[in-house]
$ cat data-v4.pdb   # PDB, C-alpha atoms
ATOM      1  CA  MET M   1     -24.216 -11.843   9.728
ATOM      2  CA  PHE M   2     -23.390 -13.935   6.634
ATOM      3  CA  ASP M   3     -25.194 -17.080   5.461
ATOM      4  CA  THR M   4     -22.340 -18.693   3.523
ATOM      5  CA  ILE M   5     -19.214 -17.234   5.130
ATOM      6  CA  ASP M   6     -17.898 -17.294   8.680
ATOM      7  CA  TYR M   7     -16.048 -14.088   9.614
ATOM      8  CA  ARG M   8     -14.095 -13.754  12.843
ATOM      9  CA  LEU M   9     -11.603 -11.170  14.086
ATOM     10  CA  ASP M  10      -9.062 -11.830  16.826
ATOM     11  CA  ALA M  11      -6.001  -9.732  17.681
ATOM     12  CA  GLY M  12      -5.943  -8.057  14.280
ATOM     13  CA  ILE M  13      -6.327 -11.327  12.345
ATOM     14  CA  ALA M  14      -9.563 -11.799  10.381
ATOM     15  CA  THR M  15     -10.441 -15.384   9.489
ATOM     16  CA  ILE M  16     -12.705 -15.607   6.431
ATOM     17  CA  ARG M  17     -14.044 -19.149   6.106
ATOM     18  CA  LEU M  18     -16.058 -20.251   3.079
ATOM     19  CA  ASN M  19     -18.813 -22.175   4.838
ATOM     20  CA  ARG M  20     -20.679 -24.538   2.528
ATOM     21  CA  PRO M  21     -18.900 -27.823   3.322
ATOM     22  CA  ASP M  22     -21.819 -29.930   2.064
ATOM     23  CA  ARG M  23     -21.174 -28.421  -1.404
ATOM     24  CA  HIS M  24     -17.357 -28.448  -1.117
ATOM     25  CA  ASN M  25     -17.573 -24.709  -0.380
ATOM     26  CA  ALA M  26     -18.724 -24.021  -3.923
ATOM     27  CA  ILE M  27     -19.667 -20.416  -4.626
ATOM     28  CA  ASN M  28     -23.402 -20.062  -5.097
ATOM     29  CA  HIS M  29     -25.167 -16.780  -5.819
ATOM     30  CA  GLN M  30     -25.513 -15.928  -2.128
ATOM     31  CA  MET M  31     -21.785 -16.378  -1.484
ATOM     32  CA  HIS M  32     -21.099 -14.384  -4.645
ATOM     33  CA  LEU M  33     -23.054 -11.508  -3.095
ATOM     34  CA  GLU M  34     -21.559 -11.906   0.366
ATOM     35  CA  LEU M  35     -17.872 -12.019  -0.571
ATOM     36  CA  PRO M  36     -17.651  -8.301  -1.508
ATOM     37  CA  GLN M  37     -19.459  -7.469   1.738
ATOM     38  CA  VAL M  38     -16.948  -9.496   3.742
ATOM     39  CA  TRP M  39     -14.024  -7.741   2.080
ATOM     40  CA  GLN M  40     -15.634  -4.360   2.686
ATOM     41  CA  ARG M  41     -16.042  -5.192   6.365
ATOM     42  CA  PHE M  42     -12.409  -6.277   6.613
ATOM     43  CA  ASN M  43     -11.170  -3.250   4.693
ATOM     44  CA  GLU M  44     -13.108  -0.675   6.685
ATOM     45  CA  ASP M  45     -12.257  -2.044  10.147
ATOM     46  CA  PRO M  46      -9.084  -0.361  11.474
ATOM     47  CA  ALA M  47      -8.689  -3.249  13.950
ATOM     48  CA  ALA M  48      -8.394  -5.788  11.102
ATOM     49  CA  ILE M  49      -4.777  -5.947   9.912
ATOM     50  CA  VAL M  50      -4.412  -9.245   8.023
ATOM     51  CA  ALA M  51      -6.859 -11.857   6.694
ATOM     52  CA  ILE M  52      -6.732 -15.640   6.438
ATOM     53  CA  VAL M  53      -9.038 -17.154   3.810
ATOM     54  CA  THR M  54      -9.845 -20.849   4.191
ATOM     55  CA  GLY M  55     -12.679 -23.330   3.741
ATOM     56  CA  ALA M  56     -14.922 -25.233   6.129
ATOM     57  CA  GLY M  57     -14.410 -28.962   6.551
ATOM     58  CA  GLU M  58     -11.456 -31.141   5.673
ATOM     59  CA  ARG M  59     -12.131 -32.185   2.074
ATOM     60  CA  ALA M  60     -12.331 -29.001   0.012
ATOM     61  CA  PHE M  61     -11.180 -25.425   0.060
ATOM     62  CA  CYS M  62     -13.440 -24.319  -2.811
ATOM     63  CA  SER M  63     -14.734 -26.333  -5.750
ATOM     64  CA  GLY M  64     -15.549 -23.269  -7.850
ATOM     65  CA  ALA M  65     -18.978 -22.047  -8.885
ATOM     66  CA  ASP M  66     -21.961 -24.099  -7.745
ATOM     67  CA  VAL M  67     -23.625 -25.440 -10.897
ATOM     68  CA  ALA M  68     -26.868 -25.916  -8.961
ATOM     69  CA  ASP M  69     -27.015 -22.206  -8.094
ATOM     70  CA  LEU M  70     -24.643 -20.333 -10.349
ATOM     71  CA  PRO M  71     -23.422 -16.864  -9.365
ATOM     72  CA  ARG M  72     -25.071 -14.148 -11.418
ATOM     73  CA  PRO M  73     -22.625 -11.237 -11.809
ATOM     74  CA  GLU M  74     -24.221  -7.805 -11.801
ATOM     75  CA  MET M  75     -21.939  -6.593 -14.615
ATOM     76  CA  ASP M  76     -21.254  -8.185 -17.966
ATOM     77  CA  SER M  77     -17.485  -8.058 -17.441
ATOM     78  CA  ALA M  78     -14.763  -9.424 -15.183
ATOM     79  CA  ASP M  79     -15.523  -6.546 -12.798
ATOM     80  CA  GLY M  80     -18.699  -8.415 -11.865
ATOM     81  CA  LEU M  81     -16.601 -10.970  -9.981
ATOM     82  CA  ARG M  82     -15.465  -9.534  -6.655
ATOM     83  CA  TRP M  83     -14.561 -12.653  -4.710
ATOM     84  CA  THR M  84     -11.023 -11.778  -3.631
ATOM     85  CA  ALA M  85      -9.245  -8.920  -1.888
ATOM     86  CA  ILE M  86      -7.482  -7.909  -5.105
ATOM     87  CA  GLN M  87     -10.762  -7.861  -7.027
ATOM     88  CA  ASN M  88     -12.123  -5.512  -4.333
ATOM     89  CA  LYS M  89      -8.963  -3.357  -4.250
ATOM     90  CA  VAL M  90      -8.225  -4.310  -0.651
ATOM     91  CA  TRP M  91      -4.548  -3.677   0.059
ATOM     92  CA  LYS M  92      -4.300  -5.278   3.490
ATOM     93  CA  PRO M  93      -2.296  -8.541   3.569
ATOM     94  CA  VAL M  94      -4.153 -11.778   2.758
ATOM     95  CA  ILE M  95      -3.081 -15.368   3.461
ATOM     96  CA  CYS M  96      -4.838 -18.244   1.700
ATOM     97  CA  ALA M  97      -4.910 -21.458   3.777
ATOM     98  CA  VAL M  98      -5.870 -24.198   1.318
ATOM     99  CA  ASN M  99      -7.479 -27.015   3.290
ATOM    100  CA  GLY M 100      -8.318 -29.392   0.439
ATOM    101  CA  LEU M 101      -9.622 -29.659  -3.111
ATOM    102  CA  THR M 102      -9.478 -26.436  -5.138
ATOM    103  CA  VAL M 103     -11.152 -26.387  -8.546
ATOM    104  CA  GLY M 104     -11.984 -23.792 -11.203
ATOM    105  CA  GLY M 105     -13.233 -20.586  -9.640
ATOM    106  CA  GLY M 106     -11.656 -21.561  -6.328
ATOM    107  CA  LEU M 107      -8.306 -20.793  -7.948
ATOM    108  CA  HIS M 108      -9.153 -17.074  -7.800
ATOM    109  CA  PHE M 109      -8.404 -17.062  -4.072
ATOM    110  CA  VAL M 110      -5.051 -18.747  -4.618
ATOM    111  CA  ALA M 111      -4.052 -16.514  -7.541
ATOM    112  CA  ASP M 112      -4.920 -13.306  -5.689
ATOM    113  CA  ALA M 113      -3.507 -14.146  -2.256
ATOM    114  CA  ASP M 114      -0.283 -12.589  -1.026
ATOM    115  CA  ILE M 115       0.822 -15.765   0.755
ATOM    116  CA  VAL M 116      -0.471 -19.298   0.064
ATOM    117  CA  ILE M 117      -0.141 -22.173   2.545
ATOM    118  CA  ALA M 118      -1.566 -25.582   1.650
ATOM    119  CA  ALA M 119      -2.339 -28.749   3.568
ATOM    120  CA  GLU M 120      -0.472 -31.818   2.323
ATOM    121  CA  HIS M 121      -3.669 -33.352   0.946
ATOM    122  CA  ALA M 122      -4.680 -30.221  -1.002
ATOM    123  CA  SER M 123      -4.988 -30.465  -4.772
ATOM    124  CA  PHE M 124      -5.616 -28.015  -7.600
ATOM    125  CA  SER M 125      -7.292 -28.347 -10.993
ATOM    126  CA  ASP M 126      -9.142 -26.288 -13.578
ATOM    127  CA  SER M 127     -12.043 -28.227 -15.063
ATOM    128  CA  HIS M 128     -13.527 -25.464 -17.237
ATOM    129  CA  VAL M 129     -12.659 -26.871 -20.673
ATOM    130  CA  SER M 130     -13.805 -30.355 -19.635
ATOM    131  CA  VAL M 131     -17.375 -29.047 -19.428
ATOM    132  CA  GLY M 132     -17.200 -26.678 -22.409
ATOM    133  CA  LEU M 133     -16.290 -23.490 -20.549
ATOM    134  CA  VAL M 134     -13.416 -21.085 -21.172
ATOM    135  CA  ALA M 135     -10.637 -21.306 -18.610
ATOM    136  CA  GLY M 136      -9.921 -17.600 -18.773
ATOM    137  CA  LEU M 137      -9.821 -15.550 -15.615
ATOM    138  CA  GLU M 138      -8.126 -17.967 -13.242
ATOM    139  CA  PRO M 139      -5.268 -19.017 -15.568
ATOM    140  CA  VAL M 140      -4.607 -15.405 -16.579
ATOM    141  CA  SER M 141      -4.177 -14.511 -12.916
ATOM    142  CA  LEU M 142      -2.136 -17.634 -12.124
ATOM    143  CA  ALA M 143       0.233 -16.869 -15.000
ATOM    144  CA  ARG M 144       1.484 -13.916 -12.963
ATOM    145  CA  ARG M 145       2.923 -16.258 -10.329
ATOM    146  CA  MET M 146       3.569 -19.572 -12.118
ATOM    147  CA  PRO M 147       5.441 -20.725 -15.244
ATOM    148  CA  LEU M 148       3.277 -20.237 -18.331
ATOM    149  CA  GLU M 149       3.595 -23.846 -19.493
ATOM    150  CA  ALA M 150       2.318 -25.125 -16.147
ATOM    151  CA  VAL M 151      -0.698 -22.827 -16.330
ATOM    152  CA  LEU M 152      -1.487 -23.819 -19.920
ATOM    153  CA  ARG M 153      -1.084 -27.511 -19.111
ATOM    154  CA  MET M 154      -3.606 -27.266 -16.288
ATOM    155  CA  ALA M 155      -6.027 -25.090 -18.260
ATOM    156  CA  LEU M 156      -5.940 -27.199 -21.454
ATOM    157  CA  MET M 157      -5.963 -30.648 -19.850
ATOM    158  CA  GLY M 158      -8.937 -29.719 -17.693
ATOM    159  CA  ARG M 159      -9.992 -32.091 -14.953
ATOM    160  CA  GLU M 160      -7.324 -34.622 -15.988
ATOM    161  CA  ALA M 161      -4.512 -32.314 -14.827
ATOM    162  CA  ARG M 162      -4.531 -32.164 -11.048
ATOM    163  CA  LEU M 163      -1.624 -30.722  -9.099
ATOM    164  CA  ASP M 164      -0.945 -32.067  -5.651
ATOM    165  CA  ALA M 165       0.330 -29.705  -2.970
ATOM    166  CA  ALA M 166       3.992 -30.632  -3.421
ATOM    167  CA  ARG M 167       3.874 -30.030  -7.183
ATOM    168  CA  ALA M 168       1.953 -26.774  -6.694
ATOM    169  CA  MET M 169       4.703 -25.619  -4.351
ATOM    170  CA  ALA M 170       7.420 -26.563  -6.824
ATOM    171  CA  LEU M 171       5.669 -24.454  -9.485
ATOM    172  CA  GLY M 172       5.247 -21.416  -7.253
ATOM    173  CA  MET M 173       1.473 -21.625  -6.815
ATOM    174  CA  VAL M 174       1.954 -22.430  -3.124
ATOM    175  CA  GLY M 175       4.635 -21.129  -0.796
ATOM    176  CA  ASP M 176       4.373 -23.623   2.053
ATOM    177  CA  VAL M 177       2.960 -27.139   2.541
ATOM    178  CA  VAL M 178       2.151 -28.472   6.007
ATOM    179  CA  PRO M 179       0.242 -31.408   7.529
ATOM    180  CA  ALA M 180      -3.505 -30.811   7.534
ATOM    181  CA  GLY M 181      -3.663 -30.560  11.310
ATOM    182  CA  GLU M 182      -1.083 -27.764  11.287
ATOM    183  CA  LEU M 183      -2.565 -25.658   8.467
ATOM    184  CA  LEU M 184      -4.408 -23.001  10.446
ATOM    185  CA  ALA M 185      -1.740 -22.865  13.122
ATOM    186  CA  ARG M 186       0.862 -22.160  10.446
ATOM    187  CA  ALA M 187      -1.328 -19.525   8.766
ATOM    188  CA  GLU M 188      -2.010 -17.861  12.114
ATOM    189  CA  ALA M 189       1.691 -17.861  12.999
ATOM    190  CA  VAL M 190       2.495 -16.056   9.749
ATOM    191  CA  ALA M 191      -0.439 -13.694  10.306
ATOM    192  CA  ARG M 192       0.808 -12.792  13.790
ATOM    193  CA  ILE M 193       4.188 -11.826  12.363
ATOM    194  CA  ILE M 194       2.506  -9.691   9.702
ATOM    195  CA  ALA M 195       0.211  -8.078  12.289
ATOM    196  CA  ARG M 196       3.228  -6.629  14.116
ATOM    197  CA  ASN M 197       4.253  -4.545  11.107
ATOM    198  CA  SER M 198       3.127  -1.098  10.030
ATOM    199  CA  PRO M 199      -0.392  -1.396   8.531
ATOM    200  CA  GLY M 200       0.115   1.667   6.356
ATOM    201  CA  ALA M 201       3.515   0.602   5.059
ATOM    202  CA  MET M 202       2.238  -2.909   4.308
ATOM    203  CA  ALA M 203      -0.777  -1.606   2.393
ATOM    204  CA  ARG M 204       1.391   0.662   0.274
ATOM    205  CA  THR M 205       3.925  -2.129  -0.243
ATOM    206  CA  LYS M 206       1.247  -4.574  -1.375
ATOM    207  CA  ARG M 207      -0.344  -2.034  -3.695
ATOM    208  CA  ALA M 208       2.995  -1.128  -5.279
ATOM    209  CA  ILE M 209       3.871  -4.774  -5.928
ATOM    210  CA  TRP M 210       0.505  -5.917  -7.285
ATOM    211  CA  GLN M 211       0.038  -2.840  -9.470
ATOM    212  CA  SER M 212       3.549  -3.315 -10.880
ATOM    213  CA  LEU M 213       2.270  -6.422 -12.667
ATOM    214  CA  GLU M 214       0.109  -4.206 -14.863
ATOM    215  CA  LEU M 215       2.759  -1.561 -15.636
ATOM    216  CA  PRO M 216       6.038  -1.268 -17.548
ATOM    217  CA  LEU M 217       9.099  -1.373 -15.293
ATOM    218  CA  HIS M 218       9.842   2.358 -15.164
ATOM    219  CA  ALA M 219       6.182   3.236 -14.555
ATOM    220  CA  ALA M 220       6.006   0.607 -11.817
ATOM    221  CA  LEU M 221       9.123   2.005 -10.141
ATOM    222  CA  ASP M 222       7.719   5.533 -10.336
ATOM    223  CA  ARG M 223       4.496   4.311  -8.763
ATOM    224  CA  ALA M 224       6.421   2.552  -6.001
ATOM    225  CA  TRP M 225       8.456   5.703  -5.366
ATOM    226  CA  ALA M 226       5.224   7.673  -4.986
ATOM    227  CA  GLU M 227       4.094   5.156  -2.349
ATOM    228  CA  ILE M 228       7.414   5.545  -0.517
ATOM    229  CA  GLN M 229       7.155   9.325  -0.499
ATOM    230  CA  ALA M 230       3.550   9.273   0.675
ATOM    231  CA  ASN M 231       4.407   6.864   3.489
ATOM    232  CA  ASN M 232       7.434   8.944   4.560
ATOM    233  CA  ALA M 233       5.153  11.935   4.979
ATOM    234  CA  GLY M 234       2.784   9.968   7.208
ATOM    235  CA  PRO M 235       2.531   8.810  10.818
ATOM    236  CA  ASP M 236       3.861   5.263  10.359
ATOM    237  CA  PHE M 237       7.247   6.534   9.193
ATOM    238  CA  GLN M 238       7.533   8.892  12.160
ATOM    239  CA  GLU M 239       6.504   6.190  14.640
ATOM    240  CA  GLY M 240       8.893   3.662  13.164
ATOM    241  CA  ILE M 241      11.857   6.024  13.488
ATOM    242  CA  ALA M 242      10.868   7.025  17.017
ATOM    243  CA  ALA M 243      10.440   3.420  18.169
ATOM    244  CA  PHE M 244      13.813   2.446  16.718
ATOM    245  CA  ARG M 245      15.592   5.335  18.447
ATOM    246  CA  GLU M 246      13.828   4.671  21.767
ATOM    247  CA  ARG M 247      14.407   0.921  21.534
ATOM    248  CA  ARG M 248      10.753   0.032  22.014
ATOM    249  CA  ALA M 249       8.028  -1.748  20.104
ATOM    250  CA  PRO M 250       6.258   0.617  17.700
ATOM    251  CA  ASN M 251       2.710   1.709  18.411
ATOM    252  CA  TRP M 252       1.362   1.845  14.886
ATOM    253  CA  PRO M 253      -1.627   4.039  14.091
ATOM    254  CA  PRO M 254      -4.593   2.112  12.638
ATOM    255  CA  LEU M 255      -4.915   1.989   8.882
ATOM    256  CA  THR M 256      -7.776   4.131   7.655
ATOM    257  CA  LEU M 257      -9.016   4.127   4.076
ATOM    258  CA  ASP M 258      -8.386   7.841   3.625
ATOM    259  CA  LEU M 259      -4.668   7.197   4.205
ATOM    260  CA  LEU M 260      -4.496   5.410   0.836
ATOM    261  CA  HIS M 261      -6.590   7.925  -1.069
ATOM    262  CA  GLU M 262      -4.395  10.363  -2.910
TER
END
$ encode --input "data-v4.pdb" --output "structure tokens"
Amino acid sequence: MFDTIDYRLDAGIATIRLNRPDRHNAINHQMHLELPQVWQRFNEDPAAIVAIVTGAGERAFCSGADVADLPRPEMDSADGLRWTAIQNKVWKPVICAVNGLTVGGGLHFVADADIVIAAEHASFSDSHVSVGLVAGLEPVSLARRMPLEAVLRMALMGREARLDAARAMALGMVGDVVPAGELLARAEAVARIIARNSPGAMARTKRAIWQSLELPLHAALDRAWAEIQANNAGPDFQEGIAAFRERRAPNWPPLTLDLLHE
């Protein structure tokens, strides 16, 4: 269905693979157009519970925008970039499995993932200023999960500042580092654990946490409380209580988009 992305769904786990290995999975205009479509497909499918985003091949996860075929955003604002789940307001859980080199625009996927797992040979850099471009969007997003000095060092030193996987983990960019041959197995193991949980409760949890980054503390807590109340009035809360009392595995209802519309 997609020219630049491989999408597969198995047992509630969607694997989204950037599939341009000959170009280090760089984002050309076609991939730029297909990424929002992939996220829409994932979001609208009640059978899809959690996503793993990774890259094809063994050398690179994503080397950013393809200079030979640059993406052409439809809007003259940051809203024109809709490469990640967060940018598409998708509140289902997302794991980023970094299988190699990650440069520039490829950092969007890392910054916006809920869980990041990297292969031992993975590396991260932001080359924007080295070629006369503003390192804006990716560092701003990364500064929400990493120390500010580390983000500024990478953004201002450009291609000369490359983080290996171990250093990225120490700085909070990555949560887990594994041998390359174990990367997808580890991501799938985490995804299987996530897939057992309440889809509705996870979506509301993710939304409350991510939106809190844009709000003052009291407003964020009020927003989280609204999510709790809405969930407690829904079917997942009732099923969770019933399953606990009956000592059985819960049979969660599928997550539908109207559940999150208030």
$ resolve_selection --input "data-v4.pdb" --expression "the PyMOL selection byres ((chain M and resi 143-149) around 8)" --output "ChimeraX atom specification"
/M:111,139-142,150-153,171-173,213
$ write_last_selection --input "data-v4.pdb" --atoms "C-alpha atoms" --output "PDB file, in the coordinates of the input"
ATOM      1  CA  ALA M 111      -4.052 -16.514  -7.541  1.00  0.00           C
ATOM      2  CA  PRO M 139      -5.268 -19.017 -15.568  1.00  0.00           C
ATOM      3  CA  VAL M 140      -4.607 -15.405 -16.579  1.00  0.00           C
ATOM      4  CA  SER M 141      -4.177 -14.511 -12.916  1.00  0.00           C
ATOM      5  CA  LEU M 142      -2.136 -17.634 -12.124  1.00  0.00           C
ATOM      6  CA  ALA M 150       2.318 -25.125 -16.147  1.00  0.00           C
ATOM      7  CA  VAL M 151      -0.698 -22.827 -16.330  1.00  0.00           C
ATOM      8  CA  LEU M 152      -1.487 -23.819 -19.920  1.00  0.00           C
ATOM      9  CA  ARG M 153      -1.084 -27.511 -19.111  1.00  0.00           C
ATOM     10  CA  LEU M 171       5.669 -24.454  -9.485  1.00  0.00           C
ATOM     11  CA  GLY M 172       5.247 -21.416  -7.253  1.00  0.00           C
ATOM     12  CA  MET M 173       1.473 -21.625  -6.815  1.00  0.00           C
ATOM     13  CA  LEU M 213       2.270  -6.422 -12.667  1.00  0.00           C
TER      14      LEU M 213
END
$ resolve_selection --input "data-v4.pdb" --expression "the PyMOL selection byres ((chain M and resi 115) around 7)" --output "ChimeraX atom specification"
/M:94-96,113-114,116-117,175
$ resolve_selection --input "data-v4.pdb" --expression "the PyMOL selection byres ((chain M and resi 3-17) around 7)" --output "short mmCIF file (atom, residue, chain, number, x, y, z; two decimals) with C-alpha atoms, in the frame of the given file"
data_model
loop_
_atom_site.label_atom_id
_atom_site.label_comp_id
_atom_site.auth_asym_id
_atom_site.auth_seq_id
_atom_site.Cartn_x
_atom_site.Cartn_y
_atom_site.Cartn_z
CA MET M 1 -24.22 -11.84 9.73
CA PHE M 2 -23.39 -13.94 6.63
CA LEU M 18 -16.06 -20.25 3.08
CA ASN M 19 -18.81 -22.18 4.84
CA ARG M 20 -20.68 -24.54 2.53
CA MET M 31 -21.78 -16.38 -1.48
CA ALA M 47 -8.69 -3.25 13.95
CA ALA M 48 -8.39 -5.79 11.10
CA ILE M 49 -4.78 -5.95 9.91
CA VAL M 50 -4.41 -9.24 8.02
CA ALA M 51 -6.86 -11.86 6.69
CA ILE M 52 -6.73 -15.64 6.44
CA VAL M 53 -9.04 -17.15 3.81
CA THR M 54 -9.85 -20.85 4.19
CA GLY M 55 -12.68 -23.33 3.74
CA ALA M 56 -14.92 -25.23 6.13
CA ALA M 191 -0.44 -13.69 10.31
CA ALA M 195 0.21 -8.08 12.29
#
$ atom_distance --input "data-v4.pdb" --atom1 "CA of Trp83 (chain M)" --atom2 "CA of Leu183 (chain M)"
22.1 Å
$ closest_residue --input "data-v4.pdb" --among "M:Asn251, M:Gln238, M:Thr205, M:Ser127" --to "Ala226 (chain M)" --atoms "only C-alpha atoms"
M:Thr205
$ residues_around --input "data-v4.pdb" --residues "Ala161 (chain M)" --least-positions-apart "6" --cutoff "9 Å" --atoms "all atoms listed in the file" --output "MDAnalysis selection string"
chainID M and resid 124:127 153:155
$ atom_distance --input "data-v4.pdb" --atom1 "CA of Ala242 (chain M)" --atom2 "CA of Asp258 (chain M)"
23.5 Å
$ atom_distance --input "data-v4.pdb" --atom1 "CA of Ala26 (chain M)" --atom2 "CA of Gly64 (chain M)"
5.1 Å
$ closest_residue --input "data-v4.pdb" --among "M:Asn88, M:Ala203, M:Arg245, M:His108" --to "Glu227 (chain M)" --atoms "all atoms listed in the file"
M:Ala203
$ residues_around --input "data-v4.pdb" --residues "Ser123 (chain M)" --least-positions-apart "5" --cutoff "8 Å" --atoms "all atoms listed in the file" --output "ChimeraX atom specification"
/M:100-102,162-165
$ closest_residue --input "data-v4.pdb" --among "M:Cys62, M:Gly57, M:Leu221, M:Pro93" --to "Trp39 (chain M)" --atoms "only C-alpha atoms"
M:Pro93
$ closest_residue --input "data-v4.pdb" --among "M:Leu156, M:Met202, M:Ala170, M:Ile193" --to "Gly132 (chain M)" --atoms "all atoms listed in the file"
M:Leu156
